[in-house]
Amino acid sequence: MPDNTLGTSPDDVQFRFRDDEVVDHAAVTVDSFLDQSNAAAVRIEPGDNARDLLPHLDRIKLVEVNFPSFMDGRGYSSARVLREAGYEGEIRAVGEVLIDQLAIMRRCGFDAFAPDNELDAADAEHAFSLWDNVYQKTTDGRAPIWQKRHG
Amino acid sequence: MYRYDQYDQQMVDTRVAEFRDQTRRRLEGKITEDQFKPLRLQNGLYLQLHAYMLRVAVPYGTLNSTQMHALADIADKYDRGYGHFTTRQNIQYNWIKLEEAPDLLADLAKVEMHAIQTSGNCIRNISSDQYAGAAADELVDPRPYAELLRQWSSFHPEFLHLPRKFKFCVIASDNDRAAMRLHDIGIQVVQNDAGEIGCAFYVGGGMGRTPMIAPLIREFVPLDQLITYSEACLRVYNRYGRRDNKYKARIKILVHELGKDEYARQVEEEFAHLLEQGIEPPLAELERIKPFFADPAFKTGLPDKADRSDDQFARWVDSNCMPHKAPGYVAVTISLKPVGGIPGDASSAQMHAMADLAKDYSFDECRVTHAQNIVLPHVEIGRLNELYAKLAEADLATANIDQIGDIIACPGLDYCSLANARSIPVAQKISQRFEANGKGELLGTLKLKISGCINACGHHHAGHIGILGVDKKGTENYQLLLGGSEAEDTSLAKITGPGFDEAGIVDAVEKAADVYLAQREDGERFLDTYRRIGMDPFKEALYA
């Protein structure tokens, strides 16, 4: 399969928490990305090292993080690694993305979701808004409980 | 002990609502069983041989009387009037209906309890020393650090889909009563040469089918970097722990395959990066938590001796009471190992009784131990006689702590869908045998641990005597192991040789005990004699 057919299309994105225009570049594999200078969208598989992308963040507009199985949690670390390095472009969760993972994906820096199977919109909305508070600090800007306790 | 504020309460209440909604979607068929399974597991709900089992978290093993009463009420309302205290200081119920589980969790939340992350591939309930705050030999009370870690690890978004389960233990004494180095991360609170308090990290221990003793990864993590260092340890594991084979997915395999130095190096690299991310709670949060664990108002000028004229009572004092840091007090262990009983089981009436005794005799506090007993941490020596009488009324006065009758056993094939053999009947027969032959007390400290399969929930690798149940061509067979220890002298037990049938294993344990009785030197425990004379004399007696 050629690399340029790998990614999801804007039509596949069911939820998006960004105001900018949806990136319409097909994502390429991390290996392909590192070999070519013009790609702006890349797909991270669970075994890829997200830190390989760090020297190139200024030209990336979209990172797809693939979840072939929702049980494989490496993608959560990948997303956080990118956000911690200052990446501000879109991070799109693709693959087996389910209702009950949406909230924690948001916390790890995902801001777009293209599930393999369309999710129930009402259930998803409920999941995104369920947790009023969080215990940990991540890069999502939410004040953790300890910060609220101590100002 | 720790009490929830509005935030903690809101978190568990939200969790109940979330699980109620997940259960609804499951019962309506909107999610598959494969999708639901990790959700229910992370709320403590297992599907076992006969029914759902629900495991309730008891953070660092500490309970107040209100909570213990609530656990008893749950046993009556949702189960068959029993609860089973576990080797991770939790309690589990064996006869739960899925439809009722959300209501059960709501009842728990009313008493500041939950079942969050008591199962599944996530950071589990954090265990600790059952004598925390009472032991004379501790540097500090380890529980404030465990509570800080509890909050950090609860709902941690990056670490809810780890390669495999992940267990923390926090102690603060050189005497290890919590099997610290047999955890994924064992933390010992220590003091450095400058007199500062910090944490030594041991990473990559565990039992299961590949038992390993955790190596020291870092000697001293300053308290204001505790969460950040933990996060670094977990991130390296989440990214690089094996996911191709569930039996090789625990962090012990990663640490072993990389080597402890390389794992430590990767953690240091991640740690340096995370220190710049500002994820650490301020020390003020630890200072907020600490007063919850302040000493109760110990009295002074108390008697330091009990009336020992009753022999039974004197035996119980000698085996079940532990010296206390406050003069005039002891920590009392209530044995849940009556002769012929099911190790760790308590009836709802017994739980209510223990709750009342905790309130009346121990500043409203009790503890669950990894050896499946209950501790009243702060009891006046002068009131031991009346406490003993009340325990006897509730069938809770068995005098056998750390003796051969104080058996750790997993639920085994009587309940567990993973088991190859029954554990409970073997435990019952051994305790009956040593009661009948009168050797139990003579043998002194002899920790016997039984697992019904290779997953080692009954800690057989760490038993002075361990028993492992296996399936041998369709019949239950039991291997005997000798020489394990979960204490500060951590060691892994070795298999003696060919296994035994159910009657044979009871005889084999007695033969091994007899070798010790014949060969022991002054002051030696079974374990010490084994270490001195080795396996051969035992083999000769067992297989002659």
# chains A, B, ... in the order shown; residues from 1 in each chain; ligands from 1
$ select_by_dssp --residues "stretch 151-260 of chain B" --states "strand (DSSP E)" --output "list in words"
Phe168, Cys169, Val170, Ile171, Ile185, Gly186, Ile187, Gln188, Val189, Val190, Gln191, Ile197, Gly198, Cys199, Ala200, Phe201, Tyr202, Val203, Leu216, Ile217, Arg218, Glu219, Phe220, Val221 and Pro222 of chain B
$ residues_around --residues "B:Tyr78" --least-positions-apart "6" --cutoff "12 Å" --atoms "only C-alpha atoms" --output "list in words"
Tyr52, Met53, Leu54, Ala70, Leu71, Ala72, Gln92, Tyr93, Asn94, Trp95, Ile96, Lys97, Leu98, Glu99, Glu100, Ala101, Pro102, Asp103, Leu104, Leu105, Asp107 and Ser348 of chain B
$ residues_around --residues "B:Phe201" --least-positions-apart "3" --cutoff "9 Å" --atoms "only C-alpha atoms" --output "list in words"
Ile185, Gly186, Ile187, Gln188, Val189, Pro215, Leu216, Ile217, Arg218, Glu219, Phe220, Val221 and Ser230 of chain B
$ write_last_selection --atoms "C-alpha atoms" --output "PDB file, in the first residue's frame"
ATOM      1  CA  ILE B 185       7.661  -0.714  42.603  1.00  0.00           C
ATOM      2  CA  GLY B 186       8.692  -1.034  46.211  1.00  0.00           C
ATOM      3  CA  ILE B 187       9.420   2.221  47.992  1.00  0.00           C
ATOM      4  CA  GLN B 188      11.236   2.485  51.285  1.00  0.00           C
ATOM      5  CA  VAL B 189      11.120   5.874  52.946  1.00  0.00           C
ATOM      6  CA  PRO B 215      16.634  -4.441  42.418  1.00  0.00           C
ATOM      7  CA  LEU B 216      17.399  -0.994  43.830  1.00  0.00           C
ATOM      8  CA  ILE B 217      16.991   1.506  40.994  1.00  0.00           C
ATOM      9  CA  ARG B 218      17.585   4.725  42.893  1.00  0.00           C
ATOM     10  CA  GLU B 219      18.816   5.148  46.442  1.00  0.00           C
ATOM     11  CA  PHE B 220      17.219   8.483  47.165  1.00  0.00           C
ATOM     12  CA  VAL B 221      14.412  10.378  45.500  1.00  0.00           C
ATOM     13  CA  SER B 230       7.203   7.586  39.750  1.00  0.00           C
TER      14      SER B 230
END
$ closest_atom_pairs --of "chain A" --to "chain B" --cutoff "7 Å" --atoms "only C-alpha atoms" --output "JSON lines"
{"residue": "A:Met71", "atom": "CA", "partner": "B:His161", "partner_atom": "CA", "distance": 5.8}
{"residue": "A:Asp72", "atom": "CA", "partner": "B:His161", "partner_atom": "CA", "distance": 6.2}
{"residue": "A:Gly73", "atom": "CA", "partner": "B:His161", "partner_atom": "CA", "distance": 4.5}
{"residue": "A:Arg74", "atom": "CA", "partner": "B:Arg239", "partner_atom": "CA", "distance": 5.4}
{"residue": "A:Tyr76", "atom": "CA", "partner": "B:Glu158", "partner_atom": "CA", "distance": 5.2}
{"residue": "A:Ser77", "atom": "CA", "partner": "B:Glu158", "partner_atom": "CA", "distance": 6.1}
{"residue": "A:Ile104", "atom": "CA", "partner": "B:Pro157", "partner_atom": "CA", "distance": 4.7}
{"residue": "A:Arg107", "atom": "CA", "partner": "B:Pro157", "partner_atom": "CA", "distance": 6.4}
{"residue": "A:Cys108", "atom": "CA", "partner": "B:Pro157", "partner_atom": "CA", "distance": 6.6}
{"residue": "A:Trp131", "atom": "CA", "partner": "B:Thr14", "partner_atom": "CA", "distance": 6.9}
{"residue": "A:Tyr135", "atom": "CA", "partner": "B:Trp152", "partner_atom": "CA", "distance": 5.9}
{"residue": "A:Gln136", "atom": "CA", "partner": "B:Trp152", "partner_atom": "CA", "distance": 5.9}
{"residue": "A:Lys137", "atom": "CA", "partner": "B:Ile279", "partner_atom": "CA", "distance": 5.2}
{"residue": "A:Thr138", "atom": "CA", "partner": "B:Ile279", "partner_atom": "CA", "distance": 6.9}
{"residue": "A:Ile145", "atom": "CA", "partner": "B:Tyr7", "partner_atom": "CA", "distance": 6.9}
{"residue": "A:Trp146", "atom": "CA", "partner": "B:Pro281", "partner_atom": "CA", "distance": 6.2}
$ select_by_dssp --residues "stretch 10-124 of chain A" --states "alpha helix (DSSP H)" --output "list in words"
Val30, Asp31, Ser32, Phe33, Leu34, Asp35, Arg74, Gly75, Tyr76, Ser77, Ser78, Ala79, Arg80, Val81, Leu82, Arg83, Glu84, Leu102, Ala103, Ile104, Met105, Arg106, Arg107, Ala121, Ala122, Asp123 and Ala124 of chain A
$ residues_around --residues "B:Ala106" --least-positions-apart "4" --cutoff "8 Å" --atoms "only C-alpha atoms" --output "NGL selection string"
:B and (13 or 16 or 102 or 110)
$ residues_around --residues "B:Leu357" --least-positions-apart "2" --cutoff "9 Å" --atoms "only C-alpha atoms" --output "list in words"
Ser65, His352, Ala353, Met354, Ala355, Lys359, Asp360, Tyr361, Ser362, Asp364, Leu376, Leu387, Lys390 and Leu391 of chain B
$ write_last_selection --atoms "C-alpha atoms" --output "compact mmCIF listing (two decimals), in the first residue's frame"
# COMPACT_ATOMS: atom_id res chain seq x y z
CA SER B 65 -14.91 1.34 62.21
CA HIS B 352 -19.12 -5.86 62.85
CA ALA B 353 -17.40 -7.20 65.97
CA MET B 354 -13.97 -6.13 64.72
CA ALA B 355 -15.35 -2.70 63.84
CA LYS B 359 -13.63 1.79 67.91
CA ASP B 360 -13.53 0.81 71.58
CA TYR B 361 -9.91 -0.36 71.87
CA SER B 362 -7.85 1.12 69.02
CA ASP B 364 -11.29 3.81 65.71
CA LEU B 376 -5.89 -3.29 65.90
CA LEU B 387 -10.23 -7.47 74.47
CA LYS B 390 -14.49 -10.21 73.43
CA LEU B 391 -12.50 -11.66 70.55
$ closest_atom_pairs --of "stretch 409-489 of chain B" --to "stretch 496-508 of chain B" --cutoff "8 Å" --atoms "only C-alpha atoms" --output "tab-separated table"
residue	atom	partner	partner_atom	distance
B:Val426	CA	B:Glu502	CA	6.7
B:Lys429	CA	B:Val506	CA	7.0
B:Ile430	CA	B:Val506	CA	5.7
B:Arg433	CA	B:Val506	CA	7.7
B:Glu476	CA	B:Asp501	CA	6.7
B:Asn477	CA	B:Asp501	CA	5.0
B:Tyr478	CA	B:Gly499	CA	5.1
B:Gln479	CA	B:Gly499	CA	4.2
B:Leu480	CA	B:Thr496	CA	5.8
B:Leu481	CA	B:Thr496	CA	5.6
B:Leu482	CA	B:Thr496	CA	6.9
$ residues_around --residues "stretch 32-38 of chain A" --least-positions-apart "5" --cutoff "9 Å" --atoms "only C-alpha atoms" --output "short mmCIF file (atom, residue, chain, number, x, y, z; two decimals) with N, CA and C atoms, in the first residue's frame"
data_model
loop_
_atom_site.label_atom_id
_atom_site.label_comp_id
_atom_site.auth_asym_id
_atom_site.auth_seq_id
_atom_site.Cartn_x
_atom_site.Cartn_y
_atom_site.Cartn_z
N ASP A 3 2.22 4.95 0.72
CA ASP A 3 2.11 5.72 1.95
C ASP A 3 0.98 6.74 1.94
N ALA A 27 -1.63 11.07 5.99
CA ALA A 27 -0.50 10.85 6.89
C ALA A 27 0.40 9.75 6.34
N ARG A 43 1.65 9.39 10.81
CA ARG A 43 0.90 8.47 11.68
C ARG A 43 1.84 7.69 12.57
N ASP A 52 11.19 10.53 17.86
CA ASP A 52 11.87 10.67 16.57
C ASP A 52 11.36 11.89 15.80
N LEU A 53 10.14 12.31 16.12
CA LEU A 53 9.56 13.43 15.39
C LEU A 53 9.98 14.79 15.93
N HIS A 56 11.42 17.76 14.05
CA HIS A 56 10.67 18.21 12.87
C HIS A 56 9.31 18.81 13.21
N ARG A 59 7.26 21.56 11.16
CA ARG A 59 6.60 21.36 9.87
C ARG A 59 5.44 20.35 9.94
#
$ closest_residue --among "B:Ile381, B:Ile334, B:Met351, B:Val203" --to "B:Leu396" --atoms "only C-alpha atoms"
B:Ile334
$ closest_residue --among "A:Asp100, A:Asp140, A:Asp58, A:Glu45" --to "A:Arg83" --atoms "only C-alpha atoms"
A:Asp140
$ residues_around --residues "A:Ser69" --least-positions-apart "5" --cutoff "10 Å" --atoms "only C-alpha atoms" --output "CSV table (one decimal) with C-alpha atoms, in the first residue's frame"
chain,number,residue,atom,x,y,z
A,46,PRO,CA,2.2,1.9,18.9
A,95,GLY,CA,-8.4,3.1,15.2
A,96,GLU,CA,-10.2,1.4,18.0
A,97,VAL,CA,-11.3,4.6,19.7
$ atom_distance --atom1 "atom CA of A:Arg18" --atom2 "atom CA of A:Phe110"
10.4 Å
